[in-house]
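Asker: Would you mind keeping the following structure in view while I ask a few things?
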Amino acid sequence: MKPTDGMDPKGLIYEAYQIEEISGAECRSIFLDWALSLPEGHETAAALHHLIERYADALPDHPMSAVLRDGLTSVVSPRRRGGWRSRPRN
């Protein structure tokens, strides 16, 4: 049984740490799936801090640890880039 919590609802990050010889590309793919499955209203940065404390600090050389830390440095609020709201109005 895999441990899950509100920060890793599907247990994806936990499972990534259980896979031997996982690559960085595989970790990035898992990270994307994790980010998309994070419940609405959860702050991504807080979830990443929690996961880093839980897993990455204990296994700093694991590829997922690097992905989690990279995700923390590049967390940006989404911004609308197109559509009718971005067009000039009279």
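Residue names in the structure tokens use chain letters A, B, ... in the order shown, residue numbers from 1 in each chain, and ligand numbers from 1 in the order shown.
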Got a sec: who's within 12 Å of segment 60-74 of chain A, counting only C-alpha atoms, leaving out chain neighbours fewer than 4 positions off, as a CSV table (one decimal) with all heavy atoms, in the first residue's frame?
Answerer:
```csv
chain,number,residue,atom,x,y,z
A,12,LEU,N,1.9,9.5,-6.6
A,12,LEU,CA,2.8,9.4,-7.7
A,12,LEU,C,4.2,9.7,-7.3
A,12,LEU,O,5.2,9.1,-7.8
A,12,LEU,CB,2.4,10.5,-8.8
A,12,LEU,CG,1.0,10.2,-9.4
A,12,LEU,CD1,0.6,11.4,-10.3
A,12,LEU,CD2,1.1,8.9,-10.3
A,13,ILE,N,4.4,10.7,-6.5
A,13,ILE,CA,5.8,11.1,-6.0
A,13,ILE,C,6.4,9.9,-5.2
A,13,ILE,O,7.5,9.5,-5.4
A,13,ILE,CB,5.8,12.4,-5.3
A,13,ILE,CG1,5.2,13.5,-6.1
A,13,ILE,CG2,7.2,12.8,-4.8
A,13,ILE,CD1,5.8,13.8,-7.4
A,14,TYR,N,5.6,9.4,-4.3
A,14,TYR,CA,6.0,8.2,-3.5
A,14,TYR,C,6.5,7.1,-4.5
A,14,TYR,O,7.6,6.5,-4.3
A,14,TYR,CB,4.9,7.7,-2.6
A,14,TYR,CG,5.2,6.4,-2.0
A,14,TYR,CD1,6.1,6.3,-0.9
A,14,TYR,CD2,4.7,5.2,-2.5
A,14,TYR,CE1,6.4,5.1,-0.3
A,14,TYR,CE2,5.0,4.0,-1.9
A,14,TYR,CZ,5.8,4.0,-0.8
A,14,TYR,OH,6.1,2.8,-0.2
A,15,GLU,N,5.7,6.8,-5.4
A,15,GLU,CA,6.0,5.7,-6.4
A,15,GLU,C,7.3,5.9,-7.1
A,15,GLU,O,8.1,5.0,-7.4
A,15,GLU,CB,4.8,5.4,-7.3
A,15,GLU,CG,3.6,4.8,-6.7
A,15,GLU,CD,3.9,3.4,-6.1
A,15,GLU,OE1,4.8,2.6,-6.7
A,15,GLU,OE2,3.3,3.0,-5.1
A,16,ALA,N,7.5,7.2,-7.5
A,16,ALA,CA,8.7,7.6,-8.3
A,16,ALA,C,9.9,7.3,-7.5
A,16,ALA,O,10.9,6.8,-8.0
A,16,ALA,CB,8.6,9.0,-8.7
A,17,TYR,N,9.9,7.5,-6.2
A,17,TYR,CA,11.0,7.2,-5.3
A,17,TYR,C,11.2,5.7,-5.1
A,17,TYR,O,12.3,5.3,-4.7
A,17,TYR,CB,10.9,7.9,-4.0
A,17,TYR,CG,11.3,9.4,-4.0
A,17,TYR,CD1,10.4,10.4,-4.2
A,17,TYR,CD2,12.7,9.7,-4.0
A,17,TYR,CE1,10.8,11.7,-4.3
A,17,TYR,CE2,13.1,11.0,-4.0
A,17,TYR,CZ,12.2,12.0,-4.2
A,17,TYR,OH,12.6,13.3,-4.3
A,18,GLN,N,10.3,4.9,-5.4
A,18,GLN,CA,10.4,3.5,-5.2
A,18,GLN,C,11.0,2.8,-6.5
A,18,GLN,O,11.4,1.7,-6.4
A,18,GLN,CB,9.0,2.8,-4.9
A,18,GLN,CG,8.3,3.4,-3.7
A,18,GLN,CD,9.2,3.5,-2.5
A,18,GLN,OE1,9.7,2.5,-2.1
A,18,GLN,NE2,9.3,4.7,-1.9
A,19,ILE,N,11.0,3.5,-7.6
A,19,ILE,CA,11.5,2.9,-8.9
A,19,ILE,C,13.0,3.0,-8.9
A,19,ILE,O,13.5,4.1,-8.9
A,19,ILE,CB,10.8,3.6,-10.1
A,19,ILE,CG1,9.3,3.5,-10.0
A,19,ILE,CG2,11.4,3.1,-11.4
A,19,ILE,CD1,8.6,4.3,-11.1
A,20,GLU,N,13.6,1.9,-9.1
A,20,GLU,CA,15.1,1.9,-9.2
A,20,GLU,C,15.5,2.3,-10.6
A,20,GLU,O,14.8,2.0,-11.6
A,20,GLU,CB,15.6,0.5,-8.9
A,20,GLU,CG,15.5,0.1,-7.5
A,20,GLU,CD,16.1,-1.3,-7.2
A,20,GLU,OE1,17.1,-1.6,-7.9
A,20,GLU,OE2,15.6,-2.0,-6.3
A,21,GLU,N,16.5,3.1,-10.7
A,21,GLU,CA,17.1,3.5,-12.0
A,21,GLU,C,16.1,4.3,-12.8
A,21,GLU,O,16.1,4.2,-14.0
A,21,GLU,CB,17.7,2.3,-12.8
A,21,GLU,CG,18.8,1.6,-12.0
A,21,GLU,CD,19.4,0.5,-12.8
A,21,GLU,OE1,19.3,0.5,-14.1
A,21,GLU,OE2,19.9,-0.4,-12.2
A,22,ILE,N,15.3,5.1,-12.2
A,22,ILE,CA,14.4,6.0,-12.9
A,22,ILE,C,15.1,7.1,-13.5
A,22,ILE,O,16.1,7.6,-12.9
A,22,ILE,CB,13.2,6.4,-12.0
A,22,ILE,CG1,12.1,7.1,-12.8
A,22,ILE,CG2,13.7,7.3,-10.9
A,22,ILE,CD1,10.9,7.4,-12.0
A,23,SER,N,14.8,7.6,-14.7
A,23,SER,CA,15.5,8.6,-15.4
A,23,SER,C,14.9,10.0,-15.0
A,23,SER,O,13.7,10.1,-14.5
A,23,SER,CB,15.5,8.4,-16.9
A,23,SER,OG,14.1,8.7,-17.4
A,24,GLY,N,15.6,11.0,-15.3
A,24,GLY,CA,15.1,12.4,-15.1
A,24,GLY,C,13.9,12.7,-16.0
A,24,GLY,O,12.9,13.3,-15.5
A,25,ALA,N,13.9,12.2,-17.2
A,25,ALA,CA,12.8,12.4,-18.1
A,25,ALA,C,11.5,11.7,-17.5
A,25,ALA,O,10.4,12.3,-17.6
A,25,ALA,CB,13.1,11.9,-19.5
A,26,GLU,N,11.7,10.5,-17.0
A,26,GLU,CA,10.5,9.8,-16.4
A,26,GLU,C,10.0,10.6,-15.2
A,26,GLU,O,8.8,10.7,-15.0
A,26,GLU,CB,10.9,8.4,-16.0
A,26,GLU,CG,11.2,7.5,-17.2
A,26,GLU,CD,11.8,6.2,-16.9
A,26,GLU,OE1,12.7,6.2,-16.0
A,26,GLU,OE2,11.5,5.2,-17.5
A,27,CYS,N,10.9,11.1,-14.4
A,27,CYS,CA,10.5,11.9,-13.2
A,27,CYS,C,9.8,13.2,-13.6
A,27,CYS,O,8.8,13.5,-13.0
A,27,CYS,CB,11.8,12.3,-12.4
A,27,CYS,SG,12.5,10.9,-11.5
A,28,ARG,N,10.2,13.8,-14.7
A,28,ARG,CA,9.5,15.0,-15.2
A,28,ARG,C,8.1,14.7,-15.6
A,28,ARG,O,7.1,15.4,-15.4
A,28,ARG,CB,10.3,15.7,-16.3
A,28,ARG,CG,11.5,16.4,-15.7
A,28,ARG,CD,12.2,17.3,-16.8
A,28,ARG,NE,12.8,16.5,-17.9
A,28,ARG,CZ,14.0,15.9,-17.8
A,28,ARG,NH1,14.7,16.0,-16.7
A,28,ARG,NH2,14.4,15.2,-18.8
A,29,SER,N,7.9,13.5,-16.3
A,29,SER,CA,6.6,13.1,-16.7
A,29,SER,C,5.7,12.8,-15.5
A,29,SER,O,4.5,13.2,-15.5
A,29,SER,CB,6.8,11.8,-17.6
A,29,SER,OG,5.5,11.4,-18.0
A,30,ILE,N,6.2,12.2,-14.5
A,30,ILE,CA,5.5,11.9,-13.3
A,30,ILE,C,5.1,13.2,-12.6
A,30,ILE,O,4.0,13.4,-12.1
A,30,ILE,CB,6.3,10.9,-12.4
A,30,ILE,CG1,6.4,9.5,-13.0
A,30,ILE,CG2,5.7,10.9,-11.0
A,30,ILE,CD1,7.3,8.6,-12.4
A,31,PHE,N,6.1,14.1,-12.6
A,31,PHE,CA,5.8,15.4,-11.9
A,31,PHE,C,4.7,16.1,-12.6
A,31,PHE,O,3.8,16.7,-12.0
A,31,PHE,CB,7.1,16.2,-12.0
A,31,PHE,CG,6.9,17.6,-11.4
A,31,PHE,CD1,7.0,17.8,-10.0
A,31,PHE,CD2,6.7,18.7,-12.2
A,31,PHE,CE1,6.8,19.1,-9.5
A,31,PHE,CE2,6.6,20.0,-11.7
A,31,PHE,CZ,6.6,20.2,-10.3
A,32,LEU,N,4.6,16.1,-13.9
A,32,LEU,CA,3.6,16.8,-14.7
A,32,LEU,C,2.2,16.1,-14.3
A,32,LEU,O,1.2,16.8,-14.1
A,32,LEU,CB,3.8,16.7,-16.2
A,32,LEU,CG,2.7,17.3,-17.1
A,32,LEU,CD1,2.6,18.8,-16.8
A,32,LEU,CD2,3.1,17.1,-18.5
A,34,TRP,N,1.5,14.6,-11.6
A,34,TRP,CA,1.2,15.0,-10.2
A,34,TRP,C,0.7,16.4,-10.2
A,34,TRP,O,-0.3,16.7,-9.5
A,34,TRP,CB,2.5,14.9,-9.3
A,34,TRP,CG,2.4,15.6,-8.0
A,34,TRP,CD1,1.8,15.1,-6.9
A,34,TRP,CD2,2.8,17.0,-7.7
A,34,TRP,NE1,1.8,16.0,-5.9
A,34,TRP,CE2,2.4,17.2,-6.4
A,34,TRP,CE3,3.4,18.0,-8.4
A,34,TRP,CZ2,2.6,18.4,-5.7
A,34,TRP,CZ3,3.6,19.2,-7.8
A,34,TRP,CH2,3.2,19.4,-6.5
A,35,ALA,N,1.3,17.3,-10.9
A,35,ALA,CA,0.9,18.7,-10.9
A,35,ALA,C,-0.6,18.8,-11.4
A,35,ALA,O,-1.4,19.6,-10.9
A,35,ALA,CB,1.8,19.6,-11.7
A,43,GLU,N,-2.0,25.1,-3.0
A,43,GLU,CA,-0.9,25.9,-3.5
A,43,GLU,C,0.2,25.0,-3.8
A,43,GLU,O,0.7,24.2,-3.0
A,43,GLU,CB,-0.5,26.9,-2.4
A,43,GLU,CG,0.5,27.9,-2.9
A,43,GLU,CD,0.9,28.9,-1.8
A,43,GLU,OE1,0.1,29.3,-1.0
A,43,GLU,OE2,2.1,29.3,-1.8
A,44,THR,N,0.7,25.1,-5.1
A,44,THR,CA,1.7,24.3,-5.6
A,44,THR,C,3.0,24.4,-4.8
A,44,THR,O,3.7,23.4,-4.5
A,44,THR,CB,2.0,24.6,-7.1
A,44,THR,OG1,0.7,24.5,-7.8
A,44,THR,CG2,3.0,23.6,-7.7
A,45,ALA,N,3.4,25.6,-4.5
A,45,ALA,CA,4.7,25.8,-3.8
A,45,ALA,C,4.7,25.2,-2.4
A,45,ALA,O,5.6,24.5,-2.0
A,45,ALA,CB,5.0,27.3,-3.7
A,46,ALA,N,3.5,25.3,-1.7
A,46,ALA,CA,3.4,24.6,-0.4
A,46,ALA,C,3.5,23.1,-0.5
A,46,ALA,O,4.2,22.4,0.3
A,46,ALA,CB,2.1,25.0,0.3
A,47,ALA,N,2.9,22.6,-1.6
A,47,ALA,CA,2.9,21.1,-1.8
A,47,ALA,C,4.3,20.7,-2.1
A,47,ALA,O,4.8,19.6,-1.6
A,47,ALA,CB,2.0,20.7,-2.9
A,48,LEU,N,5.0,21.4,-2.9
A,48,LEU,CA,6.4,21.1,-3.2
A,48,LEU,C,7.3,21.1,-2.0
A,48,LEU,O,8.2,20.3,-1.8
A,48,LEU,CB,6.9,22.0,-4.3
A,48,LEU,CG,6.4,21.7,-5.7
A,48,LEU,CD1,6.8,22.8,-6.7
A,48,LEU,CD2,6.9,20.4,-6.2
A,49,HIS,N,7.2,22.2,-1.2
A,49,HIS,CA,7.9,22.2,0.1
A,49,HIS,C,7.7,21.0,0.9
A,49,HIS,O,8.6,20.4,1.5
A,49,HIS,CB,7.6,23.5,0.9
A,49,HIS,CG,8.3,24.7,0.4
A,49,HIS,ND1,9.6,24.9,0.4
A,49,HIS,CD2,7.7,25.8,-0.2
A,49,HIS,CE1,9.9,26.1,-0.1
A,49,HIS,NE2,8.8,26.7,-0.5
A,50,HIS,N,6.5,20.6,1.0
A,50,HIS,CA,6.1,19.4,1.8
A,50,HIS,C,6.8,18.1,1.2
A,50,HIS,O,7.4,17.4,2.0
A,50,HIS,CB,4.6,19.2,1.8
A,50,HIS,CG,4.1,18.0,2.4
A,50,HIS,ND1,4.0,17.8,3.8
A,50,HIS,CD2,3.7,16.8,1.9
A,50,HIS,CE1,3.6,16.6,4.1
A,50,HIS,NE2,3.4,15.9,2.9
A,51,LEU,N,6.7,18.0,-0.1
A,51,LEU,CA,7.3,16.8,-0.7
A,51,LEU,C,8.8,16.8,-0.6
A,51,LEU,O,9.4,15.7,-0.5
A,51,LEU,CB,6.8,16.7,-2.2
A,51,LEU,CG,5.3,16.4,-2.3
A,51,LEU,CD1,4.9,16.5,-3.8
A,51,LEU,CD2,4.9,15.1,-1.8
A,52,ILE,N,9.4,17.9,-0.8
A,52,ILE,CA,10.9,18.0,-0.6
A,52,ILE,C,11.3,17.6,0.8
A,52,ILE,O,12.2,16.9,1.0
A,52,ILE,CB,11.4,19.4,-1.0
A,52,ILE,CG1,11.2,19.7,-2.5
A,52,ILE,CG2,12.8,19.7,-0.5
A,52,ILE,CD1,11.4,21.1,-3.0
A,53,GLU,N,10.6,18.1,1.7
A,53,GLU,CA,10.9,17.8,3.1
A,53,GLU,C,10.7,16.3,3.4
A,53,GLU,O,11.5,15.7,4.1
A,53,GLU,CB,10.0,18.6,4.1
A,53,GLU,CG,10.3,18.4,5.5
A,53,GLU,CD,9.4,19.3,6.4
A,53,GLU,OE1,9.5,20.5,6.3
A,53,GLU,OE2,8.6,18.7,7.2
A,54,ARG,N,9.6,15.7,2.8
A,54,ARG,CA,9.3,14.3,3.0
A,54,ARG,C,10.2,13.4,2.3
A,54,ARG,O,10.6,12.3,2.8
A,54,ARG,CB,7.9,14.1,2.6
A,54,ARG,CG,7.3,12.7,2.9
A,54,ARG,CD,5.9,12.7,2.7
A,54,ARG,NE,5.4,11.4,3.1
A,54,ARG,CZ,4.1,11.0,3.0
A,54,ARG,NH1,3.2,11.9,2.5
A,54,ARG,NH2,3.7,9.8,3.3
A,55,TYR,N,10.6,13.7,1.1
A,55,TYR,CA,11.4,12.7,0.2
A,55,TYR,C,12.7,13.2,-0.2
A,55,TYR,O,13.7,12.5,0.0
A,55,TYR,CB,10.6,12.4,-1.0
A,55,TYR,CG,9.2,11.8,-0.8
A,55,TYR,CD1,8.1,12.4,-1.1
A,55,TYR,CD2,9.1,10.5,-0.3
A,55,TYR,CE1,6.8,11.9,-0.9
A,55,TYR,CE2,7.9,9.9,-0.1
A,55,TYR,CZ,6.7,10.6,-0.4
A,55,TYR,OH,5.5,10.0,-0.2
A,56,ALA,N,12.8,14.4,-0.7
A,56,ALA,CA,14.0,14.9,-1.4
A,56,ALA,C,15.2,15.1,-0.4
A,56,ALA,O,16.3,14.9,-0.7
A,56,ALA,CB,13.8,16.2,-2.2
A,78,PRO,N,-0.1,31.1,-13.2
A,78,PRO,CA,-0.5,31.1,-14.6
A,78,PRO,C,-1.1,32.4,-15.0
A,78,PRO,O,-1.7,33.1,-14.2
A,78,PRO,CB,-1.6,30.0,-14.7
A,78,PRO,CG,-2.0,29.7,-13.3
A,78,PRO,CD,-0.9,30.2,-12.4
```
Asker: Could you check how far atom CA of His42 of chain A sits from atom CA of Asp8 of chain A, in Å to one decimal?
Answerer: 10.9 Å
Asker: Which residues in segment 3-88 of chain A does DSSP call alpha helix (DSSP H)? List them as number ranges by chain.
Answerer: A: 12-18, 24-37, 44-51, 63-73
